[in-house]
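Have a look at the structure below, then the notes.
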Amino acid sequence: MVRRVAVVGAGCSGLACVKTCVEDGLEPVCFESTDDIGGLWRFKDSCEKEQSNIYRSLVTNTSKEMMCFSDFPMPAHFPNYLHNTQVLQYLRLFVQHFDLLKYLQFQTRVKSVVPRPDFSESGQWEVITTSRSGEETRHIFDAVLVCSGQYNHPAVPLADFTGYATFTGQRLHSWEYRDAEAFRGKRVVIVGIGNSGGDIAVEVSRVASKTFLSTRKGVWVMGRTLTRGLPVDLTSITRLNNILTNLPVKSLVNCWIEAKLNDSFDHCLYGLKPAYRFMDRKPLINDDLPGRILQGALVVKPNVKEFNGSAILFEDGSEEKDMDAVVFCTGYRAAYPFLPANLTGGPGKELQLYRRMFFPALHPPTLAVMGLFHVNGPNMPIMELQARWALRVFTGTCRLPSEDKMLAAIARDRSMYTRSWRSEWDYFQSECISLPLHRSYPDCEASLRVEYIPYMDFLAGEIGVRPNLLRLALTDPALWLKVFFGPCTPFQYRLCGPGRWAGARQAILTQWHRVAEPFSGRARREPEETPRFRVPPWLLRIGVLLMLACVLHKHKSVILPQVQLSQCLDQCTVL
């Protein structure tokens, strides 16, 4: 019987796991290698090996109502997008509120996690830890939750760049970056255009003499606000939108979203238009990037081809000389050196995890990996649901499918998400553009991707906490309107089932009050979720396109040439 649970790491996922263990009557012990909680969200002046690091100015790109834990809303006076110090403050409040500090052991590094000789019967693990003084201790646990994160081991693909060793300037990864002061008055190139790359490029461009942003594939860029200046995730991550984006008109939805983004600024003109569609990858959330490009402080360049002393040659043949520094924003590789080698040896050393959590070959399933996913949405609510599901699997309340079925599910997920990458792959092949060696197709990022609401609903369904929309519509129409048409906030997964929270309904009904609270100055009112007496323009467009599809289906004998069909669809988009 599972009783004692080891939790590796005291970041967001580790704290959620400890709290869930206590909630379920288990005995957690959380091992944290540093002297404080927070994980990724704790800024440190210096880098520590195998520790996640952030830059001083980091601000969240998901809003407070979407990223909070499901039974602990963020304080109403907190801004909608938080500086990293405020996220850490929220985590401290969380630990204090649920009295979790007594379960945490600081300055204790996990050296190894190995199954006991009788593992097939007991499911127990031997965990060896090392204290700050170097003293080793052996522990026996019934289950293990790995919460050490995926941003500890920087990926620097040096083999992809000819002449890298000859570069005479400063070389560093975004993991080492703290602030822009070290680059004042210098010529700097940023390689990579994820969220970190965009943030660092903008920040460096304010103090450097010239900043270049090198991107292999481009990216769709959007700001933190959308309709009426409200947080973009609050207005876009809804159950209604989730249904619409899964209709057979996905390409048309892509066209509409991309047109809206190009209304803000022309991605092609700015050199940022990617080869993939908007819904195929996470967009870059950045409020300032277009403005810095427009001002000439930031210049977009294609992929780096070669280093030659202080000069950098790009794939379009252009060359920039007298470069002082290069910052690689090329991501991270997931690594868990304390786990048994036989668990981490998938294709290309990729972890094969059922639903991004469980090793299919592990019987009984008493170890789970938390937080190893990429999602277009907030991470913390997913980590919390992962913890709730994992503990129910550990205790036998929930059962996993057979190993063959889990492997088949992993293959289906990989196939589904790599299909959306095929257009980009084909584009680079047709244009004879070289791809970095560490980014072979199918890309490892595709195997980690999840869709926010479908994945949350899957986890909630396994636990028994998925909201019943039909029952809500019949018994509580006011709440149903908020749940279906409003943002899919984490409180929805505390309305019913195990771990039900009595305050969940009120938290949902008052979520827009907390959005409005940080605004000061003139008298304000609570923002409406949708404008009154107004049908959203995108809904009108989709309606027109659906009617067109019905007409074409009814008159099958009418076959439009490809050019005429394309023109027809273009006219519908304009309408």
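Here's how to read the names in the structure tokens: chain A, B, ... by the order shown, residue numbers from 1 in each chain, ligand numbers from 1 in the order shown.
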Tell me which protein, DNA and RNA residues are within 6 Å of region 260-277 of chain A, counting only C-alpha atoms, leaving out same-chain ones fewer than 2 positions away, and put them as an MDAnalysis selection string. chainID A and resid 217:219 257:258 279:280 424
Keeping only N, CA, C and O atoms, write the selected residues to a file as a compact mmCIF listing (two decimals), in the first residue's frame.
```
# COMPACT_ATOMS: atom_id res chain seq x y z
N LYS A 217 13.08 29.61 -38.46
CA LYS A 217 11.74 29.29 -38.95
C LYS A 217 10.74 30.41 -38.84
O LYS A 217 9.62 30.29 -39.33
N GLY A 218 11.10 31.53 -38.18
CA GLY A 218 10.11 32.59 -37.97
C GLY A 218 9.12 32.20 -36.88
O GLY A 218 9.20 31.11 -36.30
N VAL A 219 8.18 33.08 -36.63
CA VAL A 219 7.22 32.80 -35.57
C VAL A 219 6.04 33.76 -35.68
O VAL A 219 6.18 34.89 -36.19
N ILE A 257 -7.11 33.93 -37.95
CA ILE A 257 -6.20 34.36 -36.88
C ILE A 257 -4.96 35.03 -37.47
O ILE A 257 -4.51 36.09 -37.00
N GLU A 258 -4.41 34.42 -38.51
CA GLU A 258 -3.20 34.98 -39.12
C GLU A 258 -3.49 36.35 -39.73
O GLU A 258 -2.64 37.26 -39.67
N MET A 279 -1.96 27.60 -35.60
CA MET A 279 -2.39 26.63 -34.60
C MET A 279 -1.47 25.43 -34.50
O MET A 279 -1.68 24.54 -33.68
N ASP A 280 -0.42 25.39 -35.33
CA ASP A 280 0.50 24.25 -35.30
C ASP A 280 1.56 24.37 -34.22
O ASP A 280 2.17 23.37 -33.83
N GLU A 424 6.20 22.51 -42.48
CA GLU A 424 7.46 23.24 -42.29
C GLU A 424 8.63 22.42 -42.81
O GLU A 424 9.52 22.93 -43.49
```
I want to know what sits within 8 Å of region 327-341 of chain A, based on only C-alpha atoms, with residues of the same chain fewer than 4 positions away left out; could you give that as a list of chain:residue names?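 Answer for this query is A:Val110, A:Lys111, A:Ser112, A:Val113, A:Val114, A:Gly149, A:Gln150, A:Tyr151, A:Asn152, A:His153, A:Pro154, A:Ala155, A:Val156, A:Pro157, A:Arg171, A:Leu172, A:His173, A:Ser174, A:Val188, A:Val189, A:Ile190, A:Val191, A:Gly192, A:Ile193, A:Gly194, A:Ser196, A:Gly197, A:Gly345, A:Leu372.
Note that the spacing between CA of Phe359 (chain A) and CA of Ala16 (chain A) amounts to 20.9 Å.
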List the spatial neighbours of region 312-321 of chain A as a list in words - criterion: any atom at most 10 Å away, only C-alpha atoms, same-chain residues fewer than 2 positions off excluded.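 These residues fall inside the cut-off: Thr162, Gly163, Tyr164, Phe167, Arg187, Val189, Phe212, Ser214, Arg216, Lys301, Pro302, Asn303, Val304, Lys305, Glu306, Phe307, Asn308, Gly309, Ser310, Met323, Asp324, Val326, Ile433 and Ser434 of chain A.
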Select, from A:Leu101, A:Cys496, A:Leu244, A:Leu298, the residue with the minimum atom-to-atom distance to Gly464 (chain A), counting only C-alpha atoms. A:Cys496
Near region 96-99 of chain A, counting only C-alpha atoms, which residues have an atom at most 12 Å away, once you skip same-chain residues fewer than 2 positions from it, shown as a list in words?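 These residues fall inside the cut-off: Leu15, Ala16, Val18, Lys19, Thr20, Cys21, Val22, Glu23, Ile37, Asp71, Phe72, Pro73, Gln89, Tyr90, Leu91, Arg92, Leu93, Phe94, Leu101, Lys102, Tyr103 and Leu104 of chain A.
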Take the residues from that selection and write them out as a compact mmCIF listing (two decimals), in the first residue's frame, keeping C-alpha atoms.
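Done, and the output landed in selection36.txt:
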```txt
# COMPACT_ATOMS: atom_id res chain seq x y z
CA LEU A 15 4.66 22.08 -4.23
CA ALA A 16 1.45 20.99 -5.98
CA VAL A 18 3.22 17.86 -1.76
CA LYS A 19 -0.11 19.61 -1.21
CA THR A 20 -2.00 16.88 -3.10
CA CYS A 21 -0.27 14.15 -1.08
CA VAL A 22 -1.35 15.81 2.17
CA GLU A 23 -4.85 16.25 0.76
CA ILE A 37 11.26 27.04 -2.87
CA ASP A 71 -8.25 26.03 -4.97
CA PHE A 72 -6.03 29.01 -4.23
CA PRO A 73 -6.78 32.10 -6.36
CA GLN A 89 5.51 35.50 -3.54
CA TYR A 90 2.36 33.62 -4.59
CA LEU A 91 4.14 30.28 -4.08
CA ARG A 92 5.20 31.38 -0.59
CA LEU A 93 1.59 32.26 0.21
CA PHE A 94 0.55 28.83 -1.11
CA LEU A 101 7.01 23.82 4.83
CA LYS A 102 7.35 20.93 7.27
CA TYR A 103 7.40 18.46 4.39
CA LEU A 104 10.34 20.12 2.58
```
Of the candidates A:Gln170, A:Asn61, A:Ser52, A:Thr137, which one gets nearest to Gly377 (chain A) if we count only C-alpha atoms?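 For Gly377 (chain A), the nearest of the given residues is A:Asn61.
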Point-to-point distance from CA of Gly396 (chain A) to CA of Ala361 (chain A), Å rounded to tenths: 17.1 Å
As a count of residues only, list the residues of region 163-357 of chain A assigned to strand (DSSP E or B) by DSSP on the backbone atoms of this structure. 42
Residues within 10 Å of Cys47 (chain A), please, as a list in words. Count only C-alpha atoms; anything in the same chain fewer than 3 positions from it doesn't count.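 Near Cys47 (chain A), the qualifying residues are Phe43, Lys44, Glu50, Gln51, Ser52, Asn53, Ile54, Trp175, Glu176, Tyr177 and Arg178 of chain A.
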Save out the residues we just selected, N, CA and C atoms, as a PDB file, in the first residue's frame.
```pdb
ATOM      1  N   PHE A  43      14.696  33.894  -8.931  1.00  0.00           N
ATOM      2  CA  PHE A  43      15.836  34.506  -9.599  1.00  0.00           C
ATOM      3  C   PHE A  43      17.083  34.401  -8.725  1.00  0.00           C
ATOM      4  N   LYS A  44      18.203  34.054  -9.371  1.00  0.00           N
ATOM      5  CA  LYS A  44      19.485  33.962  -8.672  1.00  0.00           C
ATOM      6  C   LYS A  44      20.516  34.780  -9.442  1.00  0.00           C
ATOM      7  N   GLU A  50      22.880  22.484 -13.104  1.00  0.00           N
ATOM      8  CA  GLU A  50      21.687  21.637 -13.067  1.00  0.00           C
ATOM      9  C   GLU A  50      20.537  22.287 -12.295  1.00  0.00           C
ATOM     10  N   GLN A  51      20.522  23.614 -12.282  1.00  0.00           N
ATOM     11  CA  GLN A  51      19.420  24.358 -11.683  1.00  0.00           C
ATOM     12  C   GLN A  51      18.796  25.251 -12.758  1.00  0.00           C
ATOM     13  N   SER A  52      17.495  25.416 -12.710  1.00  0.00           N
ATOM     14  CA  SER A  52      16.838  26.316 -13.654  1.00  0.00           C
ATOM     15  C   SER A  52      17.177  27.760 -13.285  1.00  0.00           C
ATOM     16  N   ASN A  53      17.251  28.602 -14.302  1.00  0.00           N
ATOM     17  CA  ASN A  53      17.601  30.005 -14.098  1.00  0.00           C
ATOM     18  C   ASN A  53      16.714  30.884 -14.958  1.00  0.00           C
ATOM     19  N   ILE A  54      16.466  32.091 -14.495  1.00  0.00           N
ATOM     20  CA  ILE A  54      15.674  33.054 -15.253  1.00  0.00           C
ATOM     21  C   ILE A  54      16.389  34.393 -15.262  1.00  0.00           C
ATOM     22  N   TRP A 175      20.243  30.527 -20.561  1.00  0.00           N
ATOM     23  CA  TRP A 175      20.281  30.030 -19.188  1.00  0.00           C
ATOM     24  C   TRP A 175      21.236  30.857 -18.328  1.00  0.00           C
ATOM     25  N   GLU A 176      22.282  31.415 -18.960  1.00  0.00           N
ATOM     26  CA  GLU A 176      23.276  32.208 -18.239  1.00  0.00           C
ATOM     27  C   GLU A 176      22.940  33.698 -18.214  1.00  0.00           C
ATOM     28  N   TYR A 177      21.974  34.116 -19.008  1.00  0.00           N
ATOM     29  CA  TYR A 177      21.658  35.538 -19.137  1.00  0.00           C
ATOM     30  C   TYR A 177      20.917  36.033 -17.899  1.00  0.00           C
ATOM     31  N   ARG A 178      21.342  37.213 -17.393  1.00  0.00           N
ATOM     32  CA  ARG A 178      20.684  37.810 -16.237  1.00  0.00           C
ATOM     33  C   ARG A 178      20.031  39.148 -16.584  1.00  0.00           C
TER      34      ARG A 178
END
```
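You can rank A:Gly25, A:Pro401, A:Gly38, A:Pro117 by their closest distance to Val2 (chain A) using only C-alpha atoms, and at the top of that list sits A:Gly25.
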Would you kindly return, as an NGL selection string, each protein, DNA or RNA residue with an atom no farther than 9 Å from any atom of Phe78 (chain A), considering only C-alpha atoms and excluding same-chain residues fewer than 2 positions away? :A and (64 or 74-76 or 80-82 or 86 or 514-515 or 517-518)
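Note that the spacing between CA of Val221 (chain A) and CA of Arg292 (chain A) amounts to 13.2 Å.
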